[in-house]
Amino acid sequence: MKKKKYNWEPYVFIAPNFIGFIIFIVLPVLFSLVISFTDFNIFNGFKGTSFVGLQNFIEMLKDEWFWAALKNNVIYTVVTIPVTMILSIVVATILNKAVYCKTLIRVMIFVPYIASVVAISVVWSMLFNPSQGIINQILMVLGVNNPPQWLGSMQWALPAIMIVGIWMTLGYNVIIYMSGLQSIPSSLYEAAQIDGASKLQEFRYITVPMLRNTTFFLLVTSIIASFQVFGTVNIMTNGGPGNSTTVLAHYIYVAGFRYYKMGYAASMAWFLLIAILIVTLLQWKVQKKHESNF
Amino acid sequence: MKTKLKISKQNVTKAILTLIMLVLAIIVVFPFMWMIVCSFKPLNELYEFPPRFISPNMSLDNYKEVLFGQNPSFLVYFKNTFITTIVCVIGTVFTSSMAGYAFAKLQFKGRDQLFLLYLVTMMVPFQVLMVPQFIQFKYMGIFNTLWALILPRLFTPLGTFLMRQFFLDVPTEIIEAGRVDGLGEFGIFYKLILPLAKPAVSTVVILNFVWRWNEYEAPLIFLTDSKLFTLTVGLTNFIDEAGFAMDHLIMAGTTIALIPMVVVFILGQKYFIEGLTSGSVKG
Amino acid sequence: MKKMLKKVMGLALAGTMFILPLAGCGGGEKASVADTSTVKEGAKQEGTTPNKLVVWGGVPAESGPQKLVDAWNVANPDTPAEYVRFVNDEAGNTKLDTALLSGEQIDIFFTYLPDILKKRAESGMLEDLSAYDASTFINEEILGGVESVPQIDNKLYCMPTASETIGILVNKNMLDEKGITIPENWTMKEFMEIAQKLTGERNGKKVYGTTIFYEEMLLPVAKSILGGDWMYKSDTESNFDHPVLKVNDMLKQMIDEGTALPYEEVFSRKLSAYAHPAFLNEEIAMMPTAAWMLRYVKDLENFPHDFITTFVPYPSIDENTPNPYLGNLNNWICMNSKSQNKDTAWDFMQFWVQEAGKYIEKSPAWSKANLDDVTAVVLGENPEKLFDVEAYKAVMLNQDMKYNLTTKTVGLAQMNQIYKDETVKFLLGEMDEEQYYSTLKKKCDDILANETK
């Protein structure tokens with residue numbers, strides 16, 4: 001049969017989506033790049049704006065808040081992602097095989113994913129209340145005399161935010177891993193059993209390697225998401241105390257809409273975008289290399 | 001005898017693991033349970049020690065205050081959130097199923113390059129868009145209207161991506177059969193393809209419903225009029241005004257905001273999980 | 001083919017039809033939103049009145065502004081005003097700025113902090129009031145005249161509407177239980193001792209002597225001694241090596257000794273601006289205040305309590321150092337430079353200055369206000385039940401105090417930010433006192449050197 005030749009139909013199919021895509025995504029992205037080289041401030045309009053070359057990017061390198069934000073972001077990413085993933089691969093494996101009322105447990109673990117970040121932050125702020133919050137009350141009962149001051153402390157505020165981050169994403173990770181587990185052929189496990197492998201060995205030599213693609217997918221998406229963490233910080237600590245929890249997304253917002261430095265905010269946003277692209281590309285490369293080894 | 005023993009040993013392990021997982025699950029949902037408990041309590045019982053899950057002073061007062069004692073009422077936030085979410089969901093389904101179909105099944109010039117562009121933009125963080133969109137909306141005259149939340153969300157690259165993935169698996173024979181029957185391209189899409197796509201559509205609907213319902217950053221930046229606030233910013237506004245001194249009311253408000261989501265989740269659990277696992281990314 | 005196209009078009013049309021009616025209540029004309037919502041504002045003549053004024057302020061509408069606006073609307077039915085409340089904190093001010101930036105209709109708005117005033121002036125948000133001969137009006141009608149109004153680049157951008165004395169609220173019952181009397185003209189040493197005495201268990205609850213935060217900063221004792229430009233030694237040098245600044249050591253010591261609410265607690269419960277939830281819940285015995293905060297004391301529904309609140313002035317660093325700068329003329333009313341109704345807006349601003357004392361629970365900046373009437377509005381009905389009225393008059397209506405006036409604004413916003421950040425690090429023990437003062441000094445000197453280059 002001859003391949004059908006299309007004239008205009010495909011374009012009609014694409015059009016509604018494409019027009020919106022151009023107007024609300026592509027144009028703003030390009031526009032944002034232009035703004036990042038200016039001292040744009042919307043109140044003065046375009047008339048009062050001039051190109052400043054790379055000045056915003058130079059300022060960025062000298063800005064201790066930017067570095068603090070970047071550092072916190074990196075800590076957040078490097079800690080939350082491995083913890084979440086290890087925890088969820090274990091939970092998923094156990095849930096998948098060896099558990100009663102699997103669905104119920106899965107649903108319960110997943111609930112945080114459907115709650116808004118506002119609700120989550122509010123509830124956790126209450127739980128983290130240093131003197132009266134339920135977490136510290138429990139810790140005191142357990143014999144911890146000086147429980148962490150959580151959101152009020154330079155050392156513990158970021159860990160508190162990270163705990164919430166892990167808690168929020170655990171369910172999602174578990175679900176993705178569980179579906180990955182379904183695709184592992186059971187013959188592999190049967191063979192292992194015949195060879196007398198222990199459960200732990202099965203996990204180490206079958207489950208983990210077979211889930212590589214899932215892990216890769218989760219890694220990419222989690223890193224992208226963790227570089228955009230905003231809501232919990234904005235609501236729970238507003239970046240404080242001091243600059244101990246400020247992160248890139250939050251600092252960009254503050255720079256753009258609290259100090260009106262929109263040009264500067266745009267250049268930091270582009271830094272973020274490029275960082276995300278590089279990380280994704282790197283991971284993709286690594287993944288490719290691994291695949292060719294098998 | 002021996003096998004029996006073995007089975008029961010397995011059962012014991014299973015029971016222990018179940019117990020451990022159950023404890024974990026309870027820890028995970030505990031914040032919400034505590035939120036619901038607190039939403040019924042008077043303020044002075046929120047932080048008492050030892051904490052009580054049931055207290056004789058529990059009542060619906062907090063809910064009454066939140067729903068009817070505030071200006072604007074939470075009902076207004078509800079309405080705004082609902083309108084925004086519904087319009088976005090319908091729009092997204094409409095635009096992305098059509099575009100997804102074209103990307104999957106129709107040949108046209110520049111298709112693959114265009115699709116790659118869509119994929120790349122899925123990685124663009126909101127922070128890049130917020131300043132230019134702010135300016136754009138201002139000049140379009142839709143800043144501080146619900147349109148500022150709706151219009152940009154009618155065209156999600158992610159929705160397009162999901163629909164395309166689904167349509168790829170639809171056998172081309174169906175399309176050809178349709179052509180033999182004399183159906184036009186739109187007829188094929190509308191009569192043959194779309195009915196097949198129910199699971200994919202459900203997935204797009206549910207995922208978008210959750211994301212739009214919980215959207216926080218866009219309304220935070222693009223809305224300034226409290227009568228237009230959605231639940232998320234309405235809630236934060238309420239917290240700012242109450243200055244963290246009204247935790248009992250805040251808990252009631254939070255619970256109210258969460259209920260519809262829980263209902264949707266319970267009803268659409270299957271599609272939800274399918275949607276997430278069919279190679280999606282949080283958008 | 002054509003038939004199918006029609007169907008798809010029909011589908012698209014149906015989709016659009018579905019969206020359009022929703023748009024009516026979703027956006028575009030805000031008027032239609034307002035009348036479906038539960039707003040019962042005076043501005044019921046909602047249709048777009050071209051001469052309508054929109055006023056944004058930080059005081060909750062029900063604490064007076066609504067009545068004031070209603071009074072204006074009765075007198076000026078052709079140019080009605082609508083009051084919108086924003087929360088006067090960082091997030092709320094950001095929201096106001098965003099609205100201003102977006103070109104939303106706001107004719108008049110309030111600014112509460114000098115650095116924000118400066119930022120707004122420099123961004124071109126504020127109308128220069130010289131065009132309206134504001135200085136004549138201010139000299140005739142406002143306490144202290146033009147001298148008392150902050151000017152930026154020698155331009156008048158605002159008028160103060162409130163005259164606020166700062167002081168300290170004390171839980172009188174706690175004082176009486178311990179038999180403590182607070183001496184007149186007390187010192188930091190006495191403040192610390194009394195806070196110590198007031199700290200302890202009470203009815204099974206931990207009570208701290210005081211909180212040492214006010215408006216998201218450390219208690220401004222240094223400012224009360226040095227005045228509004230306390231951070232500046234000169235235009236080019238900061239003042240953080242001034243001996244009076246050592247008062248911050250003492251304040252930190254109070255936290256370290258456990259007689260003041262710990263910073264961690266203050267931060268995580270968002271009590272750094274105002275600590276009234278803790279004070280009215282009897283978790284702290286003393287709390288810095290301004291008169292407007294008494295509305296929370298009067299709000300027994302949300303803050304039930306049964307003690308009497310009394311008033312004391314700020315402590316000074318020692319007996320020999322006067323601390324007269326205990327008043328602020330602020331709540332600056334400003335005009336949006338993009339307003340379409342500037343003349344009406346100017347009339348409204350004058351109206352607000354003159355009438356505020358009648359409706360709003362604050363002492364007005366209007367020089368012709370009657371103090372007794374103002375007190376009646378601020379303390380409410382049956383003041384004796386909640387307040388030590390005599391102490392109120394002695395402390396909050398003290399005629400000897402002087403107004404803080406910020407005249408130097410070079411680098412002010414950055415310096416404030418640095419002061420805030422470094423102080424937090426200092427309080428949390430991230431740096432010792434020597435580092436604290438030298439870092440402050442160095443960073444702020446750098447800012448000034450940079451700005452005056």
# chains A, B, ... in the order shown; residues from 1 in each chain; ligands from 1

call {"tool": "interface_residues", "arguments": {"of": "chain A", "to": "chain B", "cutoff": "6 Å", "atoms": "only C-alpha atoms", "output": "JSON, numbers by chain"}}
result
{"A": [10, 13, 14, 16, 17, 20, 21, 24, 28, 32, 98, 99, 100, 105, 108, 109, 116, 119, 132, 176, 269]}

call {"tool": "interface_residues", "arguments": {"of": "chain A", "to": "chain C", "cutoff": "9 Å", "atoms": "only C-alpha atoms", "output": "PyMOL selection string"}}
result
chain A and resi 41-44+125-126+128-131+149-154+236-237+240-243+254+257-260

call {"tool": "select_by_dssp", "arguments": {"residues": "region 61-282 of chain B", "states": "helix (DSSP H, G or I)", "output": "VMD selection string"}}
result
chain B and resid 61 to 68 74 to 105 111 to 121 126 to 140 147 to 154 157 to 168 172 to 180 185 to 196 198 to 213 217 to 222 226 to 228 231 to 242 247 to 267 269 to 277

call {"tool": "residues_around", "arguments": {"residues": "Leu272 (chain A)", "least_positions_apart": "6", "cutoff": "12 Å", "atoms": "only C-alpha atoms", "output": "VMD selection string"}}
result
(chain A and resid 66 69 to 70 73 to 74 223 to 229 247 to 252 265 to 266 278 to 279) or (chain B and resid 123 to 129)

call {"tool": "atom_distance", "arguments": {"atom1": "CA of Val220 (chain A)", "atom2": "CA of Thr77 (chain A)"}}
result
11.4 Å

call {"tool": "closest_residue", "arguments": {"among": "A:Val83, A:Ile175, A:Ile161, A:Ile22", "to": "Thr103 (chain A)", "atoms": "only C-alpha atoms"}}
result
A:Ile175

call {"tool": "closest_atom_pairs", "arguments": {"of": "chain B", "to": "chain C", "cutoff": "7 Å", "atoms": "only C-alpha atoms", "output": "JSON lines"}}
result
{"residue": "B:Asn71", "atom": "CA", "partner": "C:Val39", "partner_atom": "CA", "distance": 6.8}
{"residue": "B:Pro72", "atom": "CA", "partner": "C:Thr38", "partner_atom": "CA", "distance": 6.4}
{"residue": "B:Val76", "atom": "CA", "partner": "C:Ser37", "partner_atom": "CA", "distance": 6.5}
{"residue": "B:Val87", "atom": "CA", "partner": "C:Ile19", "partner_atom": "CA", "distance": 6.5}
{"residue": "B:Lys138", "atom": "CA", "partner": "C:Ser102", "partner_atom": "CA", "distance": 5.6}
{"residue": "B:Ile142", "atom": "CA", "partner": "C:Gly28", "partner_atom": "CA", "distance": 6.9}
{"residue": "B:Thr145", "atom": "CA", "partner": "C:Gly27", "partner_atom": "CA", "distance": 4.3}
{"residue": "B:Leu146", "atom": "CA", "partner": "C:Gly27", "partner_atom": "CA", "distance": 5.2}
{"residue": "B:Trp147", "atom": "CA", "partner": "C:Gly27", "partner_atom": "CA", "distance": 6.3}
{"residue": "B:Leu183", "atom": "CA", "partner": "C:Met1", "partner_atom": "CA", "distance": 6.6}
{"residue": "B:Gly184", "atom": "CA", "partner": "C:Met1", "partner_atom": "CA", "distance": 4.6}
{"residue": "B:Phe186", "atom": "CA", "partner": "C:Met4", "partner_atom": "CA", "distance": 5.8}
{"residue": "B:Gly187", "atom": "CA", "partner": "C:Met4", "partner_atom": "CA", "distance": 5.1}
{"residue": "B:Thr224", "atom": "CA", "partner": "C:Ala99", "partner_atom": "CA", "distance": 6.0}
{"residue": "B:Asp240", "atom": "CA", "partner": "C:Val87", "partner_atom": "CA", "distance": 6.7}
{"residue": "B:Glu241", "atom": "CA", "partner": "C:Val87", "partner_atom": "CA", "distance": 6.1}
{"residue": "B:Phe244", "atom": "CA", "partner": "C:Arg269", "partner_atom": "CA", "distance": 6.6}
{"residue": "B:Ala245", "atom": "CA", "partner": "C:Pro277", "partner_atom": "CA", "distance": 5.8}

call {"tool": "select_by_dssp", "arguments": {"residues": "region 116-239 of chain C", "states": "strand (DSSP E)", "output": "list in words"}}
result
Gln151, Ile152, Lys155, Leu156, Cys158, Met159, Ala162, Ser163, Glu164, Thr165, Ile166, Gly167, Ile168, Leu169, Val170, Asn171, Gly200, Glu201, Arg202, Lys205, Lys206, Val207, Tyr208, Gly209, Thr210, Phe213, Tyr214, Met217 and Leu218 of chain C

call {"tool": "write_last_selection", "arguments": {"atoms": "C-alpha atoms", "output": "compact mmCIF listing (two decimals), in the first residue's frame"}}
result
# COMPACT_ATOMS: atom_id res chain seq x y z
CA GLN C 151 12.71 62.81 51.54
CA ILE C 152 14.46 60.98 48.78
CA LYS C 155 11.68 65.06 46.82
CA LEU C 156 8.55 64.49 48.85
CA CYS C 158 4.80 60.49 50.92
CA MET C 159 2.98 61.79 53.96
CA ALA C 162 0.31 57.73 61.96
CA SER C 163 2.36 58.80 64.89
CA GLU C 164 3.50 55.67 66.60
CA THR C 165 5.19 55.47 69.92
CA ILE C 166 7.08 52.30 70.52
CA GLY C 167 7.06 50.78 73.95
CA ILE C 168 6.91 47.47 75.73
CA LEU C 169 3.78 45.62 76.76
CA VAL C 170 3.97 43.81 80.07
CA ASN C 171 1.70 41.18 81.55
CA GLY C 200 10.08 30.24 84.84
CA GLU C 201 7.23 27.79 85.07
CA ARG C 202 3.76 29.17 85.50
CA LYS C 205 3.83 26.24 81.25
CA LYS C 206 7.24 27.64 80.39
CA VAL C 207 7.30 31.42 80.51
CA TYR C 208 10.08 33.54 79.06
CA GLY C 209 10.76 37.02 80.37
CA THR C 210 10.49 38.67 77.00
CA PHE C 213 12.49 40.95 68.36
CA TYR C 214 10.46 43.68 66.84
CA MET C 217 14.87 42.94 63.79
CA LEU C 218 16.53 42.96 67.15

call {"tool": "residues_around", "arguments": {"residues": "Asp373 (chain C)", "least_positions_apart": "4", "cutoff": "9 Å", "atoms": "only C-alpha atoms", "output": "CSV table (one decimal) with N, CA, C and O atoms, in the first residue's frame"}}
result
chain,number,residue,atom,x,y,z
C,357,GLY,N,-7.6,59.4,62.5
C,357,GLY,CA,-7.7,59.2,64.0
C,357,GLY,C,-9.1,58.8,64.4
C,357,GLY,O,-9.2,58.2,65.5
C,358,LYS,N,-10.1,59.2,63.6
C,358,LYS,CA,-11.5,58.9,64.0
C,358,LYS,C,-11.8,57.4,63.9
C,358,LYS,O,-12.7,56.9,64.6
C,369,ALA,N,-5.3,66.6,65.9
C,369,ALA,CA,-6.1,65.5,66.4
C,369,ALA,C,-6.3,65.7,67.9
C,369,ALA,O,-5.4,66.2,68.6
C,377,VAL,N,-10.4,55.6,70.7
C,377,VAL,CA,-10.4,54.7,69.6
C,377,VAL,C,-9.4,53.5,69.7
C,377,VAL,O,-9.7,52.4,69.5
C,378,VAL,N,-8.2,53.9,70.2
C,378,VAL,CA,-7.2,52.9,70.3
C,378,VAL,C,-7.5,51.8,71.4
C,378,VAL,O,-7.3,50.6,71.1

call {"tool": "residues_around", "arguments": {"residues": "region 127-138 of chain C", "least_positions_apart": "6", "cutoff": "6 Å", "atoms": "only C-alpha atoms", "output": "ChimeraX atom specification"}}
result
/C:145-146,156-157,335-337

call {"tool": "closest_residue", "arguments": {"among": "A:Ser186, A:Thr84, A:Asn238, A:Thr246", "to": "Asn173 (chain A)", "atoms": "only C-alpha atoms"}}
result
A:Thr84

call {"tool": "atom_distance", "arguments": {"atom1": "CA of Ile81 (chain A)", "atom2": "CA of Pro159 (chain A)"}}
result
13.2 Å

call {"tool": "atom_distance", "arguments": {"atom1": "CA of Asn44 (chain B)", "atom2": "CA of Leu261 (chain C)"}}
result
19.2 Å
